[in-house]
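Undergrad: As input, take entry-v8.pdb (PDB, C-alpha atoms and all ligand atoms):
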```
MODEL        1
ATOM      1  CA  MET A1067     -78.131 109.523 117.510
ATOM      2  CA  THR A1068     -79.094 111.013 114.213
ATOM      3  CA  ASP A1069     -79.093 109.457 110.775
ATOM      4  CA  ASN A1070     -76.074 111.355 109.572
ATOM      5  CA  PHE A1071     -73.860 109.330 111.887
ATOM      6  CA  PHE A1072     -74.171 106.607 109.308
ATOM      7  CA  ASP A1073     -73.471 108.667 106.228
ATOM      8  CA  VAL A1074     -70.284 107.414 104.697
ATOM      9  CA  VAL A1075     -68.304 109.721 102.469
ATOM     10  CA  ASP A1076     -65.231 109.196 100.340
ATOM     11  CA  ASN A1077     -62.108 111.352 100.372
ATOM     12  CA  ASP A1078     -63.775 114.001  98.215
ATOM     13  CA  GLY A1079     -66.664 114.267 100.663
ATOM     14  CA  ASN A1080     -69.025 112.560  98.205
ATOM     15  CA  PRO A1081     -71.502 110.044  99.623
ATOM     16  CA  VAL A1082     -70.524 106.474  98.895
ATOM     17  CA  ASP A1083     -73.316 104.169  97.906
ATOM     18  CA  PRO A1084     -72.514 100.490  98.434
ATOM     19  CA  ASP A1085     -74.689  99.457  95.479
ATOM     20  CA  ARG A1086     -72.858 101.584  92.935
ATOM     21  CA  ASN A1087     -69.393 100.155  92.524
ATOM     22  CA  GLU A1088     -69.162 101.466  88.926
ATOM     23  CA  ASP A1089     -68.883 105.013  90.266
ATOM     24  CA  LYS A1090     -66.106 104.035  92.595
ATOM     25  CA  ASP A1091     -64.195 102.304  89.806
ATOM     26  CA  LEU A1092     -64.572 105.383  87.578
ATOM     27  CA  ARG A1093     -63.064 107.551  90.262
ATOM     28  CA  GLU A1094     -60.196 105.122  90.727
ATOM     29  CA  SER A1095     -59.412 105.274  87.015
ATOM     30  CA  LYS A1096     -59.631 109.039  87.018
ATOM     31  CA  GLY A1097     -57.191 109.244  89.898
ATOM     32  CA  THR A1098     -54.587 107.071  88.132
ATOM     33  CA  GLU A1099     -51.167 108.546  87.410
ATOM     34  CA  SER A1100     -51.013 109.735  83.818
ATOM     35  CA  GLY A1101     -47.895 107.585  83.263
ATOM     36  CA  LYS A1102     -49.900 104.393  83.453
ATOM     37  CA  SER A1103     -51.926 103.039  80.560
ATOM     38  CA  ALA A1104     -55.520 102.008  81.040
ATOM     39  CA  SER A1105     -54.638  98.323  80.791
ATOM     40  CA  GLU A1106     -51.918  98.635  83.443
ATOM     41  CA  THR A1107     -54.496 100.229  85.706
ATOM     42  CA  GLU A1108     -56.843  97.373  85.018
ATOM     43  CA  ILE A1109     -54.144  94.855  85.958
ATOM     44  CA  ASP A1110     -53.252  96.730  89.146
ATOM     45  CA  LYS A1111     -56.851  96.792  90.142
ATOM     46  CA  ASN A1112     -57.407  93.115  89.380
ATOM     47  CA  SER A1113     -54.382  92.022  91.351
ATOM     48  CA  ALA A1114     -55.548  94.174  94.248
ATOM     49  CA  ASN A1115     -58.930  92.481  94.121
ATOM     50  CA  GLU A1116     -57.219  89.103  93.924
ATOM     51  CA  GLU A1117     -55.233  89.801  97.108
ATOM     52  CA  LYS A1118     -58.350  90.993  98.814
ATOM     53  CA  LYS A1119     -60.205  87.789  97.929
ATOM     54  CA  GLN A1120     -57.399  85.575  99.170
ATOM     55  CA  GLY A1121     -57.305  87.404 102.484
ATOM     56  CA  MET A1122     -60.981  86.756 103.099
ATOM     57  CA  SER A1123     -62.184  83.786 105.052
ATOM     58  CA  VAL A1124     -65.798  84.295 103.964
ATOM     59  CA  LYS A1125     -66.499  82.715 100.586
ATOM     60  CA  ASN A1126     -69.926  84.179  99.913
ATOM     61  CA  PRO A1127     -69.239  87.559  98.193
ATOM     62  CA  VAL A1128     -72.554  89.078  99.237
ATOM     63  CA  LEU A1129     -71.976  88.148 102.849
ATOM     64  CA  ALA A1130     -68.400  89.447 102.611
ATOM     65  CA  GLU A1131     -69.697  92.742 101.268
ATOM     66  CA  ILE A1132     -72.235  92.993 104.087
ATOM     67  CA  ILE A1133     -69.550  92.287 106.687
ATOM     68  CA  ASP A1134     -67.332  94.967 105.111
ATOM     69  CA  TRP A1135     -70.117  97.476 105.401
ATOM     70  CA  ILE A1136     -70.898  96.541 108.962
ATOM     71  CA  LYS A1137     -67.229  97.205 109.766
ATOM     72  CA  VAL A1138     -67.310 100.598 108.029
ATOM     73  CA  LEU A1139     -70.552 101.600 109.724
ATOM     74  CA  SER A1140     -69.305 100.471 113.138
ATOM     75  CA  VAL A1141     -66.153 102.540 112.830
ATOM     76  CA  ALA A1142     -68.202 105.537 111.646
ATOM     77  CA  ALA A1143     -70.616 105.158 114.562
ATOM     78  CA  VAL A1144     -67.826 104.891 117.137
ATOM     79  CA  LEU A1145     -66.045 107.911 115.631
ATOM     80  CA  ALA A1146     -69.258 109.938 115.589
ATOM     81  CA  PHE A1147     -69.966 108.985 119.196
ATOM     82  CA  CYS A1148     -66.482 110.031 120.316
ATOM     83  CA  ILE A1149     -66.548 113.296 118.405
ATOM     84  CA  ASN A1150     -70.000 114.142 119.687
ATOM     85  CA  ASN A1151     -69.322 113.264 123.308
ATOM     86  CA  PHE A1152     -65.751 114.326 123.808
ATOM     87  CA  ILE A1153     -64.859 116.899 121.190
ATOM     88  CA  ILE A1154     -67.802 118.743 119.690
ATOM     89  CA  ALA A1155     -70.990 119.951 121.281
ATOM     90  CA  ASN A1156     -73.679 120.490 118.709
ATOM     91  CA  SER A1157     -76.490 122.700 119.901
ATOM     92  CA  THR A1158     -79.632 124.438 118.663
ATOM     93  CA  ILE A1159     -80.395 127.915 119.980
ATOM     94  CA  PRO A1160     -83.987 127.551 121.142
ATOM     95  CA  THR A1161     -84.899 131.171 121.926
ATOM     96  CA  GLY A1162     -84.001 134.663 120.855
ATOM     97  CA  SER A1163     -81.812 135.268 123.879
ATOM     98  CA  MET A1164     -78.564 135.446 121.884
ATOM     99  CA  GLU A1165     -80.158 137.214 118.931
ATOM    100  CA  SER A1166     -77.880 139.569 116.984
ATOM    101  CA  THR A1167     -74.998 137.219 117.778
ATOM    102  CA  ILE A1168     -76.830 133.947 117.160
ATOM    103  CA  MET A1169     -80.370 133.862 115.814
ATOM    104  CA  PRO A1170     -83.062 131.618 117.325
ATOM    105  CA  GLY A1171     -83.193 128.231 115.630
ATOM    106  CA  ALA A1172     -79.555 128.566 114.640
ATOM    107  CA  ARG A1173     -77.250 125.614 115.102
ATOM    108  CA  VAL A1174     -73.803 126.006 116.564
ATOM    109  CA  PHE A1175     -70.687 123.944 117.112
ATOM    110  CA  GLY A1176     -68.805 124.248 120.344
ATOM    111  CA  SER A1177     -65.554 122.680 121.413
ATOM    112  CA  ARG A1178     -65.711 120.524 124.530
ATOM    113  CA  LEU A1179     -61.934 120.271 124.477
ATOM    114  CA  THR A1180     -61.631 123.992 125.237
ATOM    115  CA  TYR A1181     -63.270 123.462 128.614
ATOM    116  CA  THR A1182     -61.804 120.014 129.228
ATOM    117  CA  PHE A1183     -58.204 121.157 128.858
ATOM    118  CA  GLY A1184     -58.513 124.946 129.089
ATOM    119  CA  GLU A1185     -60.273 127.558 131.164
ATOM    120  CA  VAL A1186     -63.528 129.425 130.770
ATOM    121  CA  GLN A1187     -62.735 132.985 129.677
ATOM    122  CA  ARG A1188     -64.710 136.168 130.059
ATOM    123  CA  ASP A1189     -66.803 136.922 126.945
ATOM    124  CA  ASP A1190     -66.834 133.273 125.865
ATOM    125  CA  ILE A1191     -70.123 132.184 124.406
ATOM    126  CA  ALA A1192     -70.638 129.002 126.352
ATOM    127  CA  ILE A1193     -72.913 126.002 126.064
ATOM    128  CA  PHE A1194     -73.752 124.980 129.616
ATOM    129  CA  LYS A1195     -76.123 122.710 131.459
ATOM    130  CA  TYR A1196     -79.048 124.887 132.535
ATOM    131  CA  GLY A1197     -81.483 122.379 133.954
ATOM    132  CA  TYR A1198     -84.081 119.891 132.832
ATOM    133  CA  THR A1199     -87.372 119.431 131.050
ATOM    134  CA  CYS A1200     -89.745 117.345 133.147
ATOM    135  CA  LYS A1201     -91.099 114.346 131.274
ATOM    136  CA  ASN A1202     -94.365 114.464 133.255
ATOM    137  CA  ASP A1203     -95.481 118.043 132.759
ATOM    138  CA  LYS A1204     -93.039 119.291 130.056
ATOM    139  CA  GLN A1205     -92.001 122.068 132.448
ATOM    140  CA  MET A1206     -88.467 123.335 131.838
ATOM    141  CA  TYR A1207     -86.733 124.164 135.099
ATOM    142  CA  ARG A1208     -83.410 125.390 136.450
ATOM    143  CA  GLU A1209     -81.475 122.713 138.278
ATOM    144  CA  ASN A1210     -81.934 123.149 142.009
ATOM    145  CA  ASP A1211     -80.996 121.804 145.422
ATOM    146  CA  GLU A1212     -83.918 119.369 145.404
ATOM    147  CA  HIS A1213     -82.581 117.742 142.208
ATOM    148  CA  ALA A1214     -86.161 117.352 141.045
ATOM    149  CA  CYS A1215     -88.943 119.051 139.072
ATOM    150  CA  PRO A1216     -90.407 121.834 141.259
ATOM    151  CA  LEU A1217     -93.920 121.109 139.949
ATOM    152  CA  CYS A1218     -94.223 117.366 140.403
ATOM    153  CA  GLY A1219     -91.044 116.224 142.131
ATOM    154  CA  ARG A1220     -89.861 113.952 139.341
ATOM    155  CA  GLU A1221     -86.129 113.393 139.792
ATOM    156  CA  ASP A1222     -83.629 115.182 137.535
ATOM    157  CA  LYS A1223     -82.063 111.946 136.367
ATOM    158  CA  LYS A1224     -85.410 110.822 134.914
ATOM    159  CA  ASN A1225     -85.842 114.089 132.977
ATOM    160  CA  SER A1226     -84.168 115.519 129.870
ATOM    161  CA  VAL A1227     -81.143 117.780 130.242
ATOM    162  CA  VAL A1228     -81.531 121.343 128.916
ATOM    163  CA  TYR A1229     -78.484 123.221 127.632
ATOM    164  CA  TYR A1230     -78.354 126.987 127.261
ATOM    165  CA  VAL A1231     -76.021 129.208 125.301
ATOM    166  CA  LYS A1232     -75.028 132.532 126.940
ATOM    167  CA  ARG A1233     -72.074 134.856 127.202
ATOM    168  CA  VAL A1234     -69.749 134.655 130.213
ATOM    169  CA  ILE A1235     -69.858 138.067 131.915
ATOM    170  CA  GLY A1236     -68.660 137.381 135.453
ATOM    171  CA  MET A1237     -65.596 135.356 136.402
ATOM    172  CA  PRO A1238     -64.995 133.757 139.814
ATOM    173  CA  GLY A1239     -64.528 136.470 142.425
ATOM    174  CA  ASP A1240     -65.925 139.275 140.245
ATOM    175  CA  HIS A1241     -68.269 141.902 141.615
ATOM    176  CA  ILE A1242     -71.006 142.241 138.991
ATOM    177  CA  GLU A1243     -73.445 145.132 139.015
ATOM    178  CA  ILE A1244     -76.163 146.134 136.593
ATOM    179  CA  LYS A1245     -77.234 149.710 137.242
ATOM    180  CA  GLN A1246     -79.628 152.091 135.618
ATOM    181  CA  THR A1247     -77.529 154.839 134.100
ATOM    182  CA  GLY A1248     -79.819 156.845 131.862
ATOM    183  CA  THR A1249     -82.549 156.690 129.262
ATOM    184  CA  ALA A1250     -82.729 155.922 125.561
ATOM    185  CA  ASP A1251     -85.192 156.954 122.894
ATOM    186  CA  ALA A1252     -87.711 154.255 121.930
ATOM    187  CA  SER A1253     -86.466 154.442 118.338
ATOM    188  CA  GLU A1254     -83.154 152.898 119.449
ATOM    189  CA  PHE A1255     -84.824 149.517 120.057
ATOM    190  CA  HIS A1256     -85.560 146.979 117.361
ATOM    191  CA  ASN A1257     -85.502 143.639 119.209
ATOM    192  CA  ILE A1258     -88.258 144.641 121.608
ATOM    193  CA  ASN A1259     -91.484 146.488 120.975
ATOM    194  CA  ILE A1260     -91.648 149.696 123.019
ATOM    195  CA  GLY A1261     -95.246 150.866 123.279
ATOM    196  CA  LEU A1262     -96.318 154.502 123.061
ATOM    197  CA  ASN A1263     -97.183 156.665 126.038
ATOM    198  CA  PRO A1264    -100.954 157.091 126.687
ATOM    199  CA  ASP A1265    -100.729 160.538 125.088
ATOM    200  CA  GLY A1266     -99.191 159.079 121.918
ATOM    201  CA  THR A1267     -95.653 160.289 122.522
ATOM    202  CA  THR A1268     -92.691 157.899 122.451
ATOM    203  CA  PRO A1269     -91.373 157.121 125.936
ATOM    204  CA  GLU A1270     -87.850 157.560 127.180
ATOM    205  CA  VAL A1271     -86.725 154.060 128.148
ATOM    206  CA  PRO A1272     -84.614 153.525 131.290
ATOM    207  CA  VAL A1273     -81.363 151.795 130.309
ATOM    208  CA  GLY A1274     -78.266 150.654 132.141
ATOM    209  CA  THR A1275     -74.765 149.318 132.175
ATOM    210  CA  VAL A1276     -72.961 146.217 133.421
ATOM    211  CA  TYR A1277     -70.088 146.939 135.823
ATOM    212  CA  VAL A1278     -67.345 144.414 136.462
ATOM    213  CA  ASN A1279     -65.467 145.237 139.668
ATOM    214  CA  GLY A1280     -66.670 148.820 139.408
ATOM    215  CA  VAL A1281     -65.663 149.333 135.776
ATOM    216  CA  ALA A1282     -68.337 149.819 133.110
ATOM    217  CA  LYS A1283     -68.176 146.891 130.690
ATOM    218  CA  GLU A1284     -67.991 147.775 127.043
ATOM    219  CA  GLU A1285     -70.451 145.434 125.392
ATOM    220  CA  VAL A1286     -69.891 145.754 121.659
ATOM    221  CA  TYR A1287     -71.993 142.654 120.983
ATOM    222  CA  LEU A1288     -75.213 144.312 122.177
ATOM    223  CA  SER A1289     -77.286 145.551 119.260
ATOM    224  CA  GLU A1290     -79.414 147.906 121.362
ATOM    225  CA  PRO A1291     -79.271 149.508 124.812
ATOM    226  CA  MET A1292     -79.945 147.247 127.804
ATOM    227  CA  ILE A1293     -83.189 148.168 129.523
ATOM    228  CA  VAL A1294     -82.842 148.494 133.300
ATOM    229  CA  ASP A1295     -86.055 149.635 134.972
ATOM    230  CA  GLY A1296     -85.579 147.965 138.359
ATOM    231  CA  ARG A1297     -88.695 145.833 137.860
ATOM    232  CA  GLN A1298     -89.038 143.590 134.801
ATOM    233  CA  PHE A1299     -85.402 144.386 133.972
ATOM    234  CA  PRO A1300     -83.725 144.239 137.369
ATOM    235  CA  GLU A1301     -80.690 145.936 138.781
ATOM    236  CA  VAL A1302     -78.074 143.433 139.929
ATOM    237  CA  ASP A1303     -75.399 143.421 142.622
ATOM    238  CA  VAL A1304     -73.681 140.067 143.101
ATOM    239  CA  VAL A1305     -70.266 138.618 143.819
ATOM    240  CA  VAL A1306     -69.435 135.535 141.782
ATOM    241  CA  PRO A1307     -68.327 132.661 144.034
ATOM    242  CA  GLU A1308     -65.152 130.706 143.348
ATOM    243  CA  GLY A1309     -65.705 128.014 140.743
ATOM    244  CA  SER A1310     -68.747 129.786 139.257
ATOM    245  CA  TYR A1311     -69.644 132.121 136.406
ATOM    246  CA  TYR A1312     -72.293 134.776 135.752
ATOM    247  CA  VAL A1313     -73.827 134.561 132.273
ATOM    248  CA  LEU A1314     -76.089 136.870 130.257
ATOM    249  CA  GLY A1315     -77.666 136.702 126.783
ATOM    250  CA  ASP A1316     -76.581 139.071 124.030
ATOM    251  CA  ASN A1317     -80.178 139.952 123.266
ATOM    252  CA  ARG A1318     -80.295 141.435 126.724
ATOM    253  CA  ASN A1319     -83.874 142.770 126.516
ATOM    254  CA  ASN A1320     -85.263 139.359 125.570
ATOM    255  CA  SER A1321     -83.102 136.891 127.452
ATOM    256  CA  MET A1322     -83.943 134.643 130.375
ATOM    257  CA  ASP A1323     -80.509 134.656 131.947
ATOM    258  CA  ALA A1324     -78.742 134.871 135.308
ATOM    259  CA  ARG A1325     -80.659 138.039 136.223
ATOM    260  CA  TYR A1326     -83.790 135.913 136.585
ATOM    261  CA  TRP A1327     -82.506 132.720 138.211
ATOM    262  CA  GLY A1328     -82.802 133.859 141.832
ATOM    263  CA  LYS A1329     -80.573 131.866 144.183
ATOM    264  CA  TYR A1330     -79.424 129.690 141.267
ATOM    265  CA  ASN A1331     -77.962 132.630 139.351
ATOM    266  CA  MET A1332     -74.463 131.164 138.996
ATOM    267  CA  VAL A1333     -73.189 128.495 136.607
ATOM    268  CA  ALA A1334     -70.747 126.092 138.239
ATOM    269  CA  ARG A1335     -67.543 125.204 136.375
ATOM    270  CA  ASP A1336     -68.565 121.584 135.936
ATOM    271  CA  ARG A1337     -71.759 122.702 134.168
ATOM    272  CA  MET A1338     -69.770 124.433 131.440
ATOM    273  CA  VAL A1339     -69.885 122.081 128.461
ATOM    274  CA  ALA A1340     -68.305 123.769 125.474
ATOM    275  CA  LYS A1341     -67.126 127.039 124.003
ATOM    276  CA  VAL A1342     -69.029 128.066 120.882
ATOM    277  CA  TYR A1343     -66.864 128.841 117.857
ATOM    278  CA  VAL A1344     -69.031 128.399 114.803
ATOM    279  CA  LYS A1345     -72.623 128.845 113.755
ATOM    280  CA  TYR A1346     -73.418 126.640 110.779
ATOM    281  CA  TRP A1347     -77.179 126.847 110.370
ATOM    282  CA  PRO A1348     -78.928 128.564 108.656
ATOM    283  CA  LEU A1349     -76.367 128.417 105.881
ATOM    284  CA  ASN A1350     -76.781 132.091 104.978
ATOM    285  CA  ASP A1351     -75.611 133.012 108.473
ATOM    286  CA  ILE A1352     -72.682 130.621 108.681
ATOM    287  CA  GLY A1353     -69.610 131.980 110.423
ATOM    288  CA  VAL A1354     -67.342 132.354 113.382
ATOM    289  CA  VAL A1355     -68.994 133.459 116.631
ATOM    290  CA  LYS A1356     -67.323 136.297 118.507
TER
HETATM  291 ZN    ZN B1401     -92.634 117.814 136.691
ENDMDL
END
```
Since I need it in another form, could you write the structure as structure tokens?
TA:
Amino acid sequence: MTDNFFDVVDNDGNPVDPDRNEDKDLRESKGTESGKSASETEIDKNSANEEKKQGMSVKNPVLAEIIDWIKVLSVAAVLAFCINNFIIANSTIPTGSMESTIMPGARVFGSRLTYTFGEVQRDDIAIFKYGYTCKNDKQMYRENDEHACPLCGREDKKNSVVYYVKRVIGMPGDHIEIKQTGTADASEFHNINIGLNPDGTTPEVPVGTVYVNGVAKEEVYLSEPMIVDGRQFPEVDVVVPEGSYYVLGDNRNNSMDARYWGKYNMVARDRMVAKVYVKYWPLNDIGVVK
């Protein structure tokens, strides 16, 4: 849990400081109907305080105040827990794999409800459970049939869960292909550094296309051509099993995604955590994610 779970704000969204009751009183006066005189307001307020005092079983005012605040903080903590665990998934984008759509280091909000009560849709940007970081050797690994760190064998349940954010490309039953379809000039790339040929000329870069059930997918969210050289940037030919999804990063030339996960290249439905709707950090890049 983070500190902000315990921030308490008033109706205007201003932080409320328990030690500064004067401020609160000022706001109450300000909010009074114009029809009432100041003295009437004072009386209303006093009688309200009087009722409050009578309703209290604790005589010590300091203790009463502390108990009030414990109640407020408890409710805030329970609410924050529920929102965080059942409604909103709050995630940091660790790498540049979604760059151009979501920058590395950005923070996003996703809705868990979308995947609890609705379906995963093609082109969703999804937060999903990718695997774990081993607490022994700090190795991040894809979850696997051994349910343990491939380096040292430490069990998944003793390690930290790793979530990824990628775009849903393949739906259950889809035939997904990535094929080399041509070349692009090196000047078309700005997310990846294309070196020069030995003779100093700029190389033609082999690029490709994603096909869904034989139809070329129009990928408007890509900011540069997708390199497909059959080696570092592989061709793909897979059928998505029922109950699974095939996911790729928007920064396709710099994304560790399903192309590289070998036999674990599918994301099961129950690993889908939340659909991303909003990026909120950094503030100058706040907005709706498409
Ligand atoms: Zn390990």
Undergrad: Using all atoms listed in the file, find each residue with an atom at most 6 Å away from ligand ZN 1401 (chain B) and format the answer as a list in words.
TA: Cys1200, Asn1202, Asp1203, Cys1215, Leu1217, Cys1218, Gly1219 and Arg1220 of chain A
Undergrad: Would you write out, as a PyMOL selection string, every residue that the PyMOL selection byres (((chain A and resi 1356) around 8) and not hetatm) captures in this file?
TA: chain A and resi 1167+1190-1191+1343+1354-1355
Undergrad: When distances are computed from all atoms listed in the file, which of A:Ile1193, A:Glu1308, A:Gly1184, A:Lys1245 shows the smallest separation from A:Ile1154?
TA: A:Ile1193
Undergrad: Taking into account all atoms listed in the file, which residue in the set A:Val1302, A:Met1206, A:Ile1242, A:Ala1142 is nearest to A:Ser1226?
TA: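 Among the listed residues, A:Met1206 lies closest to A:Ser1226.
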Undergrad: For A:Val1342, which residue among A:Ala1172, A:Val1144, A:Ala1192, A:Val1128 is the nearest when counting all atoms listed in the file?
TA: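 Of A:Ala1172, A:Val1144, A:Ala1192, A:Val1128, the one nearest A:Val1342 is A:Ala1192, counting all atoms listed in the file.
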Undergrad: Please check which residues have atoms at most 9 Å from (-65.9, 138.6, 141.1) in the file's coordinates, counting all atoms listed in the file, and write them as number ranges by chain.
TA: A: 1236-1242, 1278-1279, 1304-1308, 1311
Undergrad: Do you know which residues the PyMOL selection byres (((chain A and resi 1268) around 12) and not hetatm) returns on this file, as a PDB file with C-alpha atoms, in the frame of the given file?
TA:
```pdb
ATOM      1  CA  ALA A1250     -82.729 155.922 125.561  1.00  0.00           C
ATOM      2  CA  ASP A1251     -85.192 156.954 122.894  1.00  0.00           C
ATOM      3  CA  ALA A1252     -87.711 154.255 121.930  1.00  0.00           C
ATOM      4  CA  SER A1253     -86.466 154.442 118.338  1.00  0.00           C
ATOM      5  CA  GLU A1254     -83.154 152.898 119.449  1.00  0.00           C
ATOM      6  CA  PHE A1255     -84.824 149.517 120.057  1.00  0.00           C
ATOM      7  CA  ASN A1259     -91.484 146.488 120.975  1.00  0.00           C
ATOM      8  CA  ILE A1260     -91.648 149.696 123.019  1.00  0.00           C
ATOM      9  CA  GLY A1261     -95.246 150.866 123.279  1.00  0.00           C
ATOM     10  CA  LEU A1262     -96.318 154.502 123.061  1.00  0.00           C
ATOM     11  CA  ASN A1263     -97.183 156.665 126.038  1.00  0.00           C
ATOM     12  CA  PRO A1264    -100.954 157.091 126.687  1.00  0.00           C
ATOM     13  CA  ASP A1265    -100.729 160.538 125.088  1.00  0.00           C
ATOM     14  CA  GLY A1266     -99.191 159.079 121.918  1.00  0.00           C
ATOM     15  CA  THR A1267     -95.653 160.289 122.522  1.00  0.00           C
ATOM     16  CA  PRO A1269     -91.373 157.121 125.936  1.00  0.00           C
ATOM     17  CA  GLU A1270     -87.850 157.560 127.180  1.00  0.00           C
ATOM     18  CA  VAL A1271     -86.725 154.060 128.148  1.00  0.00           C
TER      19      VAL A1271
END
```
Undergrad: List as a PDB file with C-alpha atoms, keeping the file's coordinate frame the protein and nucleic acid residues near A:Thr1180, meaning an atom at most 9 Å away when only C-alpha atoms are counted, but skip any in the same chain fewer than 5 places from it.
TA:
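Output below, filename around_17.pdb:
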```
ATOM      1  CA  ILE A1153     -64.859 116.899 121.190  1.00  0.00           C
ATOM      2  CA  GLU A1185     -60.273 127.558 131.164  1.00  0.00           C
ATOM      3  CA  VAL A1186     -63.528 129.425 130.770  1.00  0.00           C
ATOM      4  CA  ALA A1340     -68.305 123.769 125.474  1.00  0.00           C
ATOM      5  CA  LYS A1341     -67.126 127.039 124.003  1.00  0.00           C
TER       6      LYS A1341
END
```
Undergrad: Which value, in Å to one decimal, gives the distance between atom CA of A:Gly1309 and atom CA of A:Thr1275?
TA: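 We find that atom CA of A:Gly1309 and atom CA of A:Thr1275 lie 24.7 Å from each other.
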Undergrad: Quick one: residues within 10 Å of A:Tyr1196, all atoms listed in the file counted, chain neighbours fewer than 4 positions away excluded, as an mmCIF file with C-alpha atoms, in the coordinates of the input?
TA:
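To be explicit, this is the file written out as result_1.cif:
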```cif
data_model
loop_
_atom_site.group_PDB
_atom_site.id
_atom_site.type_symbol
_atom_site.label_atom_id
_atom_site.label_comp_id
_atom_site.auth_asym_id
_atom_site.auth_seq_id
_atom_site.Cartn_x
_atom_site.Cartn_y
_atom_site.Cartn_z
ATOM 1 C CA MET A 1206 -88.467 123.335 131.838
ATOM 2 C CA TYR A 1207 -86.733 124.164 135.099
ATOM 3 C CA ARG A 1208 -83.410 125.390 136.450
ATOM 4 C CA GLU A 1209 -81.475 122.713 138.278
ATOM 5 C CA VAL A 1227 -81.143 117.780 130.242
ATOM 6 C CA VAL A 1228 -81.531 121.343 128.916
ATOM 7 C CA TYR A 1229 -78.484 123.221 127.632
ATOM 8 C CA TYR A 1230 -78.354 126.987 127.261
ATOM 9 C CA VAL A 1231 -76.021 129.208 125.301
ATOM 10 C CA ASP A 1323 -80.509 134.656 131.947
ATOM 11 C CA TYR A 1330 -79.424 129.690 141.267
ATOM 12 C CA VAL A 1333 -73.189 128.495 136.607
ATOM 13 C CA ARG A 1337 -71.759 122.702 134.168
ATOM 14 C CA MET A 1338 -69.770 124.433 131.440
#
```
Undergrad: What separation in Å, quoted to one decimal, exists between atom CA of A:Asn1317 and atom CA of A:Arg1335?
TA: 23.4 Å
Undergrad: What is the atom CA of A:Lys1345 to atom CA of A:Phe1175 distance in Å?
TA: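 Taking atom CA of A:Lys1345 as the start and atom CA of A:Phe1175 as the end point, the length is 6.2 Å.
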Undergrad: When you look at A:Gly1248 with a cut-off of 12 Å (counting all atoms listed in the file), what residues show up, excluding the ones that are within fewer than 4 positions of it in the same chain? I need them as number ranges by chain.
TA: A: 1270-1275, 1291-1295
Undergrad: Write out the residues from the selection above, keeping C-alpha atoms, as a CSV table (one decimal), keeping the file's coordinate frame.
TA:
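So the final result, stored in again.csv, reads:
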```csv
chain,number,residue,atom,x,y,z
A,1270,GLU,CA,-87.8,157.6,127.2
A,1271,VAL,CA,-86.7,154.1,128.1
A,1272,PRO,CA,-84.6,153.5,131.3
A,1273,VAL,CA,-81.4,151.8,130.3
A,1274,GLY,CA,-78.3,150.7,132.1
A,1275,THR,CA,-74.8,149.3,132.2
A,1291,PRO,CA,-79.3,149.5,124.8
A,1292,MET,CA,-79.9,147.2,127.8
A,1293,ILE,CA,-83.2,148.2,129.5
A,1294,VAL,CA,-82.8,148.5,133.3
A,1295,ASP,CA,-86.1,149.6,135.0
```
Undergrad: Between A:Trp1347, A:Met1164, A:Lys1201, A:Ile1244, which one has atoms that come closest to A:Lys1224, using only C-alpha atoms?
TA: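 Checking each candidate against A:Lys1224, we get A:Lys1201 as the closest.
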Undergrad: Could you state which residues are captured by the PyMOL selection byres (((chain A and resi 1288) around 8) and not hetatm) in this file, as number ranges by chain?
TA: A: 1166, 1285-1287, 1289-1292, 1316-1318
